[in-house]
Amino acid sequence: LINLLKASQGSATCEITALTVPTPLNNYRGVSMYGDDNAKNLNLPLNERATAILKACGHQSNSIHGDVFVGRYHDNEAEDIWERVDFDEAEVQGDLESKEWVKKAKQKGGGGGIGTAAASLSGMMNGAGGGLTN
């Protein structure tokens with residue numbers, strides 16, 4: 001049992017951060033960022049680009065450390081749909097404020113942040129929750 005506990009504490013786990021959540025305004029497309037949930041404690045470097053993406057979507061007070069990847073999904077429970085959707089590099093390069101998905105995320109009901117910390121899976125499981133999105 002002790003070896004199992006040691007092994008589980010030493011393994012990397014994935015932090016899932018909701019950049020946007022599926023809403024009717026964004027055609028039920030959500031965008032999530034995935035990274036090491038222990039990256040900051042491991043002294044991994046600040047990921048300025050990932051932090052900028054997070055803030056462009058309306059979230060504040062989070063800083064992202066280490067490598068991440070970003071993915072989009074289609075989630076419409078009323079139609080029983082859940083699938084990955086193409087999300088290419090061009091959608092997170094250059095001027096983020098000019099990207100249609102970012103513009104939509106910032107609109108009321110667009111699924112982006114409301115100026116607080118982004119909701120994350122580990123934060124919700126630990127009772128912190130982060131800022132819920134609009």
# chains A, B, ... in the order shown; residues from 1 in each chain; ligands from 1

call {"tool": "residues_around", "arguments": {"residues": "Val31 in chain A", "least_positions_apart": "5", "cutoff": "10 Å", "atoms": "only C-alpha atoms", "output": "PDB file with C-alpha atoms, in the first residue's frame"}}
result
ATOM      1  CA  THR A  17      -8.801  24.056 -17.669  1.00  0.00           C
ATOM      2  CA  ALA A  18     -12.007  25.211 -19.352  1.00  0.00           C
ATOM      3  CA  LEU A  19     -11.144  28.135 -21.624  1.00  0.00           C
ATOM      4  CA  THR A  20     -14.709  28.109 -22.924  1.00  0.00           C
ATOM      5  CA  VAL A  21     -17.692  25.900 -22.163  1.00  0.00           C
ATOM      6  CA  PRO A  22     -20.251  24.784 -24.742  1.00  0.00           C
ATOM      7  CA  CYS A  57     -10.821  34.133 -23.100  1.00  0.00           C
ATOM      8  CA  VAL A  70      -5.394  23.067 -26.400  1.00  0.00           C
ATOM      9  CA  GLY A  71      -8.325  21.168 -27.860  1.00  0.00           C
ATOM     10  CA  ARG A  72     -11.876  21.832 -28.982  1.00  0.00           C
ATOM     11  CA  TYR A  73     -14.894  19.598 -28.562  1.00  0.00           C
ATOM     12  CA  HIS A  74     -18.570  19.600 -29.503  1.00  0.00           C
ATOM     13  CA  ARG A  84     -13.449  16.194 -30.645  1.00  0.00           C
ATOM     14  CA  VAL A  85     -13.411  18.974 -33.237  1.00  0.00           C
ATOM     15  CA  PHE A  87      -8.527  23.070 -33.592  1.00  0.00           C
ATOM     16  CA  TRP A 101     -13.639  31.912 -31.107  1.00  0.00           C
ATOM     17  CA  ALA A 105     -16.036  33.596 -25.804  1.00  0.00           C
ATOM     18  CA  GLY A 111     -18.810  30.397 -22.713  1.00  0.00           C
ATOM     19  CA  GLY A 112     -15.658  32.300 -21.788  1.00  0.00           C
TER      20      GLY A 112
END

call {"tool": "select_by_dssp", "arguments": {"residues": "range 82-115 of chain A", "states": "strand (DSSP E)", "output": "CSV table (one decimal) with all heavy atoms, in the first residue's frame"}}
result
chain,number,residue,atom,x,y,z
A,82,TRP,N,-21.0,14.3,-28.3
A,82,TRP,CA,-19.7,14.6,-27.7
A,82,TRP,C,-18.7,14.1,-28.6
A,82,TRP,O,-18.6,12.9,-28.9
A,82,TRP,CB,-19.5,14.0,-26.3
A,82,TRP,CG,-18.4,14.7,-25.6
A,82,TRP,CD1,-18.4,15.7,-24.7
A,82,TRP,CD2,-17.0,14.5,-25.9
A,82,TRP,NE1,-17.2,16.1,-24.3
A,82,TRP,CE2,-16.3,15.4,-25.0
A,82,TRP,CE3,-16.2,13.7,-26.7
A,82,TRP,CZ2,-14.9,15.5,-25.0
A,82,TRP,CZ3,-14.8,13.8,-26.7
A,82,TRP,CH2,-14.2,14.7,-25.8
A,83,GLU,N,-17.9,15.0,-29.2
A,83,GLU,CA,-16.9,14.6,-30.1
A,83,GLU,C,-15.8,15.7,-30.1
A,83,GLU,O,-16.0,16.9,-29.9
A,83,GLU,CB,-17.4,14.4,-31.5
A,83,GLU,CG,-18.0,15.7,-32.1
A,83,GLU,CD,-18.7,15.5,-33.5
A,83,GLU,OE1,-18.6,14.4,-34.0
A,83,GLU,OE2,-19.3,16.4,-34.0
A,84,ARG,N,-14.6,15.3,-30.4
A,84,ARG,CA,-13.4,16.2,-30.6
A,84,ARG,C,-13.7,16.9,-32.0
A,84,ARG,O,-14.2,16.3,-32.9
A,84,ARG,CB,-12.1,15.5,-30.7
A,84,ARG,CG,-11.7,14.9,-29.4
A,84,ARG,CD,-11.1,15.9,-28.5
A,84,ARG,NE,-10.8,15.4,-27.2
A,84,ARG,CZ,-10.7,16.2,-26.1
A,84,ARG,NH1,-10.8,17.5,-26.2
A,84,ARG,NH2,-10.4,15.7,-25.0
A,85,VAL,N,-13.3,18.2,-32.0
A,85,VAL,CA,-13.4,19.0,-33.2
A,85,VAL,C,-12.0,19.6,-33.6
A,85,VAL,O,-11.3,19.9,-32.7
A,85,VAL,CB,-14.5,20.1,-33.0
A,85,VAL,CG1,-14.6,21.0,-34.2
A,85,VAL,CG2,-15.8,19.5,-32.6

call {"tool": "closest_residue", "arguments": {"among": "A:Ser98, A:Asn47, A:Ser32, A:Asn27", "to": "His65 in chain A", "atoms": "only C-alpha atoms"}}
result
A:Asn47

call {"tool": "atom_distance", "arguments": {"atom1": "CA of Arg49 in chain A", "atom2": "CA of Pro24 in chain A"}}
result
27.8 Å

call {"tool": "atom_distance", "arguments": {"atom1": "CA of Ala78 in chain A", "atom2": "CA of Glu91 in chain A"}}
result
27.5 Å

call {"tool": "atom_distance", "arguments": {"atom1": "CA of Ile114 in chain A", "atom2": "CA of Asp80 in chain A"}}
result
27.6 Å

call {"tool": "select_by_dssp", "arguments": {"residues": "range 82-118 of chain A", "states": "alpha helix (DSSP H)", "output": "PyMOL selection string"}}
result
chain A and resi 100-106

call {"tool": "residues_around", "arguments": {"residues": "Tyr34 in chain A", "least_positions_apart": "3", "cutoff": "6 Å", "atoms": "only C-alpha atoms", "output": "PDB file with N, CA, C and O atoms, in the first residue's frame"}}
result
ATOM      1  N   GLU A  15      -4.018  18.516 -15.727  1.00  0.00           N
ATOM      2  CA  GLU A  15      -4.913  19.594 -15.335  1.00  0.00           C
ATOM      3  C   GLU A  15      -5.720  19.986 -16.565  1.00  0.00           C
ATOM      4  O   GLU A  15      -5.160  20.270 -17.616  1.00  0.00           O
ATOM      5  N   ILE A  16      -7.037  19.956 -16.447  1.00  0.00           N
ATOM      6  CA  ILE A  16      -7.906  20.361 -17.543  1.00  0.00           C
ATOM      7  C   ILE A  16      -8.538  21.692 -17.154  1.00  0.00           C
ATOM      8  O   ILE A  16      -9.236  21.777 -16.156  1.00  0.00           O
ATOM      9  N   VAL A  68       1.573  22.802 -22.540  1.00  0.00           N
ATOM     10  CA  VAL A  68       0.144  22.517 -22.587  1.00  0.00           C
ATOM     11  C   VAL A  68      -0.253  22.172 -24.012  1.00  0.00           C
ATOM     12  O   VAL A  68       0.509  22.411 -24.953  1.00  0.00           O
ATOM     13  N   PHE A  69      -1.436  21.617 -24.148  1.00  0.00           N
ATOM     14  CA  PHE A  69      -2.057  21.579 -25.467  1.00  0.00           C
ATOM     15  C   PHE A  69      -3.500  22.017 -25.309  1.00  0.00           C
ATOM     16  O   PHE A  69      -4.078  21.960 -24.216  1.00  0.00           O
TER      17      PHE A  69
END
